[in-house]
2 protein chains.
Amino acid sequence: MDELKPCTANSSPLTPLGFLERAATVYGDCPSIIYNNLIYTWSQTHRRCLQLASSLSSIGITRGHVVSVVAPNIPAIYEAHFAIPFTGAILNNINTRLDARTISLLLQHSESKLVLVDYQSRNLVVEAISLFPSDIKRPPLVLITDHTDHDNDNKSSQTVDSNFCCTYESLVTKGDPNFKWIRPQNEWDPMILNYTSGTTSSPKGVVHCHRGIFVMTVDSLIDWSVPKQPVYLWTLPMFHANGWSYPWGMAAVGGTNVCLRKFDAAVIYKMIRQHGVTHMCGAPVVLNMISNLPRSEPLRNPVHILTAGAPPPAAVLFRTESLGFLVSHGYGLTETAGLVVSCAWKNKWNRLPATERARMKSRQGVRTVCFTEIDVIDSESGLSVSHDGASLGEIVFRGGSMMLGYLKDLTGPANVGVIHADGYLEIKDRSKDVIISGGENLSSVEVESVLYTNPAVNEAAVVARPDEFWGETPCAFLSLKAELEKKPTEKEIIEYCRARLPRYMVPKTVVFKEELPKTSTGKIKKFELREMAKAMGKSKVSRM
Amino acid sequence: MDELKPCTANSSPLTPLGFLERAATVYGDCPSIIYNNLIYTWSQTHRRCLQLASSLSSIGITRGHVVSVVAPNIPAIYEAHFAIPFTGAILNNINTRLDARTISLLLQHSESKLVLVDYQSRNLVVEAISLFPSDIKRPPLVLITDHTDHDNDNKSSQTVDSNFCCTYESLVTKGDPNFKWIRPQNEWDPMILNYTSGTTSSPKGVVHCHRGIFVMTVDSLIDWSVPKQPVYLWTLPMFHANGWSYPWGMAAVGGTNVCLRKFDAAVIYKMIRQHGVTHMCGAPVVLNMISNLPRSEPLRNPVHILTAGAPPPAAVLFRTESLGFLVSHGYGLTETAGLVVSCAWKNKWNRLPATERARMKSRQGVRTVCFTEIDVIDSESGLSVSHDGASLGEIVFRGGSMMLGYLKDLTGPANVGVIHADGYLEIKDRSKDVIISGGENLSSVEVESVLYTNPAVNEAAVVARPDEFWGETPCAFLSLKAELEKKPTEKEIIEYCRARLPRYMVPKTVVFKEELPKTSTGKIKKFELREMAKAMGKSKVSRM
């Protein structure tokens, strides 16, 4: 038995990239992408991805390079999920909502070799590049034009100027459709780089390998029971943990990707009607959006909606389901490549009262089938906490879709939660430093580090304040320096942050205190501040 | 980027064994197994498997040992799929239809450390053990009794005598339900040993590792789009390539396993009605059985049936589907751990005439999503054949579920097929030496090797003859030795084989020839013999 070893026949690297080739065979003349008046088939998408990969290769992109994409959910970013790794390079999706300074830091940190830029982000990225120190090489920019976007058809913004080397479409057009894509030499080869948040001091670049993305993709299909040829509406940004792996998943099942540059509830309902949408994902804020639309009527056919990023409020769950959506709830991190905990639903829970049902569903749940282990442990003893729904501990992960690691960094995430008697996990405090605003995780430590750069600030602590629309917004507690001639106002602090942080990270509330509450070891008692922020009630006029 | 390596958090071995633990959490009080008047829940199955594993461990079964099972589709064999690997040991399912001599050879070849024996196979296995040479250690036998089986309640056959060390149920009962199962140290550790066929000279033991079985299991769930909590009827023997991985798959999706000791069409329809069966697998002979039952009426709810093992005849497909079964067709080998080719159905084919539809569906199809590559190559040049539906070549495989290798053997399988212009594979000649009878692959070479031991036989060649019930049966062409005083009759040859081969391998037809046709290099022209056997028409009275 011992002489039996892995060989070439059985150890070809696990990767999701082969899904596209198969989709072109099986679903060749079925729609792969629908976007405005554009429809591609799986044959066309396969061909376009090979062509793009061929062009990228011919301009020198190769194994181990990072290629970045700054774009909303348009066809180009979908294609990038295959075409960039087809060259051996690493795909780096960048959040379009970041500020130029942060994007500049990410591009420098990742040593990105090329950036694909949606025309609406052109000024942002050009500015980001201009912020590069003069001794650091600037990556060339490729402009993604969009002539289907009639609402925003600003001609000049779609023209290649000296900041750009060419258009995205020209790369696709001149590429070779018979390009042989570069298979990973090893399934542990990096394939994806995602930044968990843009920060002054320490951008955290999560690196995933081919094997991890493969495992996450098949796990996500099984966990959500995705059938063949679903119609998938892209309400979840692909730059957000690579759309929880569904770009690759849709190729596996021959789904139709309905792409969207931007959306509101009316657009969602229109797409559902027009294209027969069957599946969509989004943070609870999306559920809130669709369940709050006046005159919204029940769906003709059920639509599966998968939510994560924050516990969906029971009332929102209830309203959404009563409209005909079938809500599934899960939990994951950029570090796990997608959802690795899901609130696996039990038929017997259907007999519970509505509020109790919503309470059960708002728990994060159990590990997904392909993930190895999730536990909540006492940070001091390292032992599992009791399964009593009350004993708090740190959430720890082990499984095939865990990241390879952080690029140039070593620390890891630390969230806390409980495990109920039935084995279902619930996140109690997402961790002392995480605020979830509109589905985006933001680190309070990063906001604090900016506040600390203000000369007037003595101590700063940022916690979550409940918000009617965003779920939570950052609330800053500050003590000011004693010797100040002129104390800053709340508005001045907010403006100070605006100049230095992405908008969603800017505190919406600022509270000045003589002194911040501290533990005996001198640490700020965030728990107390969180209670204070909660006691202020929900913030209201905070649309960003 | 280069410093990022696999670590303990992301490289825990891929294995399907964790599916059971999760099923106990998520589906704890849902039925896992239904068998006669017995119903287990997933909590109970989890507990029973841990108890059995604990008892096996305590009697010395450990990492790397082989434990064999000789049983039909009863709860014990289902439990063995988890409990045996839980001890670190390797599960070896043995075909209950084999003869004692073959079973003896397999137990010796595998160096089996323990055999779980269904009471109906007790004499067979006791005889197999008695055939061990005196210098080879005999494995202890465990008797699986069955008191739900009222039709066959022969008391004495269910009693432990000196041939057995204990009953299966006593092992379960005395085991520790808190046993910590032994995780594989490495995902390439062997988990499964399957024999492709029992043979005189060279039993082929296919070894699969944890990783391979994991990949096959998730692939099978995705390819067949298996939903949560299906009701799965066990018409496919679990000893047949481990039921194409669905024992583990059912734990992943919390399905109900409807077990069956034996069945005919009436039993199948009864189970479908009684338990709301949604899914079942079987060779085309099972389709034939259910579509031929007189008075069979359309199903109330559609039942998904997955068939493989031989191309389903178009007429049988048509009849089966018209009764309300949704037929999927695939192809795999014991060497691939399950189906790695499937005839992925295209909606547009629904518009074809029924005969054309059946023709499309009788093709084996395209590789499954998680498998890496299947190709048909010219054996001499090693290049892919044209995709023209006519160019024959050898079928070659590469993917995560390919076996680790053969135990103590090096040769591999070689089947031939074509690839159609649309990329779909069709097996044309299953290979020169394979006959498929009732879904069992049997090697003509093995039958020939027995015929060659008959002193009257000069040359022997065995090919497939079409058979109304079994699909194919072995047909032997013989030339006899010249100096014979008395020539054997057809009946005598058949009886000679019966004494030396499992029943399904015994030729149903024997043809005597002066000389067998040969190529210029002296090889027997099997193709010509196959044409002759075909020209005889279908054999009819061949129920075994």
# chains A, B, ... in the order shown; residues from 1 in each chain; ligands from 1
>>> residues_around(residues="region 158-163 of chain B", least_positions_apart="5", cutoff="8 Å", atoms="only C-alpha atoms", output="ChimeraX atom specification")
/B:119,126,141,143-146
>>> write_last_selection(atoms="C-alpha atoms", output="tab-separated table (two decimals), in the first residue's frame")
chain	number	residue	atom	x	y	z
B	119	TYR	CA	-25.63	-13.76	7.30
B	126	VAL	CA	-16.54	-19.43	5.54
B	141	LEU	CA	-15.18	-12.91	10.68
B	143	LEU	CA	-21.53	-11.89	11.50
B	144	ILE	CA	-24.08	-9.30	10.41
B	145	THR	CA	-27.43	-10.63	11.60
B	146	ASP	CA	-30.69	-9.19	10.34
>>> interface_residues(of="chain B", to="chain A", cutoff="7 Å", atoms="only C-alpha atoms", output="JSON list (two decimals) with C-alpha atoms, in the first residue's frame")
[["chain", "number", "residue", "atom", "x", "y", "z"],
["B", 1, "MET", "CA", 4.28, 36.07, -2.42],
["B", 4, "LEU", "CA", 3.15, 32.00, 1.53],
["B", 5, "LYS", "CA", 2.95, 28.25, 2.05],
["B", 6, "PRO", "CA", 0.31, 25.75, 3.13],
["B", 9, "ALA", "CA", -5.25, 26.23, 9.00],
["B", 10, "ASN", "CA", -5.62, 25.71, 5.25],
["B", 11, "SER", "CA", -4.14, 22.30, 4.55],
["B", 12, "SER", "CA", -6.23, 19.96, 6.65],
["B", 19, "PHE", "CA", -19.74, 15.01, 6.45],
["B", 25, "THR", "CA", -25.66, 18.57, 13.80],
["B", 26, "VAL", "CA", -27.83, 19.80, 10.92],
["B", 222, "ILE", "CA", -22.86, 18.96, -8.28],
["B", 225, "SER", "CA", -27.61, 18.69, -8.95],
["B", 227, "PRO", "CA", -30.69, 19.00, -3.55],
["B", 228, "LYS", "CA", -30.79, 18.95, 0.25],
["B", 252, "ALA", "CA", -23.31, 15.78, 2.85],
["B", 344, "ALA", "CA", -24.88, 16.96, -19.57],
["B", 369, "VAL", "CA", -17.10, 19.69, -13.36],
["B", 397, "PHE", "CA", -8.17, 10.33, -17.77],
["B", 398, "ARG", "CA", -6.68, 12.97, -15.50],
["B", 399, "GLY", "CA", -8.32, 14.31, -12.38],
["B", 400, "GLY", "CA", -8.62, 14.45, -8.64],
["B", 401, "SER", "CA", -10.64, 11.25, -8.29],
["B", 402, "MET", "CA", -8.29, 9.00, -10.27],
["B", 403, "MET", "CA", -7.12, 6.10, -8.13],
["B", 404, "LEU", "CA", -3.83, 6.15, -6.29],
["B", 405, "GLY", "CA", -3.04, 2.98, -8.22],
["B", 407, "LEU", "CA", -2.47, -2.71, -5.21],
["B", 422, "ASP", "CA", -19.85, 18.93, -30.02],
["B", 423, "GLY", "CA", -17.20, 17.63, -27.65]]
>>> closest_residue(among="A:Thr87, A:Ser391, A:Ala53, A:Val416", to="Thr173 (chain A)", atoms="only C-alpha atoms")
A:Ala53
>>> select_by_dssp(residues="region 124-318 of chain A", states="strand (DSSP E)", output="VMD selection string")
chain A and resid 141 to 144 166 to 167 190 to 195 205 to 209 231 to 233 256 to 258 279 to 282 303 to 307
>>> residues_around(residues="region 472-489 of chain B", least_positions_apart="5", cutoff="7 Å", atoms="only C-alpha atoms", output="tab-separated table (two decimals) with C-alpha atoms, in the first residue's frame")
chain	number	residue	atom	x	y	z
B	435	ILE	CA	-18.00	-7.39	-21.50
B	436	ILE	CA	-20.75	-5.60	-19.61
B	437	SER	CA	-23.32	-7.97	-18.21
B	456	ALA	CA	-9.44	-30.13	-24.34
B	457	VAL	CA	-9.10	-26.46	-25.29
B	458	ASN	CA	-6.64	-25.34	-27.90
B	459	GLU	CA	-7.53	-21.68	-28.27
B	460	ALA	CA	-10.19	-19.59	-26.57
B	461	ALA	CA	-11.60	-16.15	-27.20
B	462	VAL	CA	-14.51	-14.68	-25.32
B	463	VAL	CA	-16.58	-11.78	-26.64
B	464	ALA	CA	-19.87	-10.14	-25.82
B	465	ARG	CA	-23.10	-11.50	-27.21
B	466	PRO	CA	-26.13	-9.20	-27.01
B	467	ASP	CA	-28.64	-10.39	-24.43
B	505	MET	CA	-18.73	-14.59	-15.83
B	506	VAL	CA	-19.69	-18.02	-17.13
B	507	PRO	CA	-20.18	-18.08	-20.94
B	508	LYS	CA	-23.81	-18.50	-21.93
B	509	THR	CA	-22.87	-19.53	-25.45
B	510	VAL	CA	-20.01	-21.72	-26.65
B	511	VAL	CA	-19.04	-21.97	-30.32
B	512	PHE	CA	-16.55	-24.56	-31.58
B	513	LYS	CA	-14.39	-23.61	-34.58
B	514	GLU	CA	-11.66	-25.41	-36.50
B	515	GLU	CA	-9.44	-22.36	-36.11
B	516	LEU	CA	-9.93	-18.86	-34.71
B	533	ALA	CA	-21.76	-13.31	-31.85
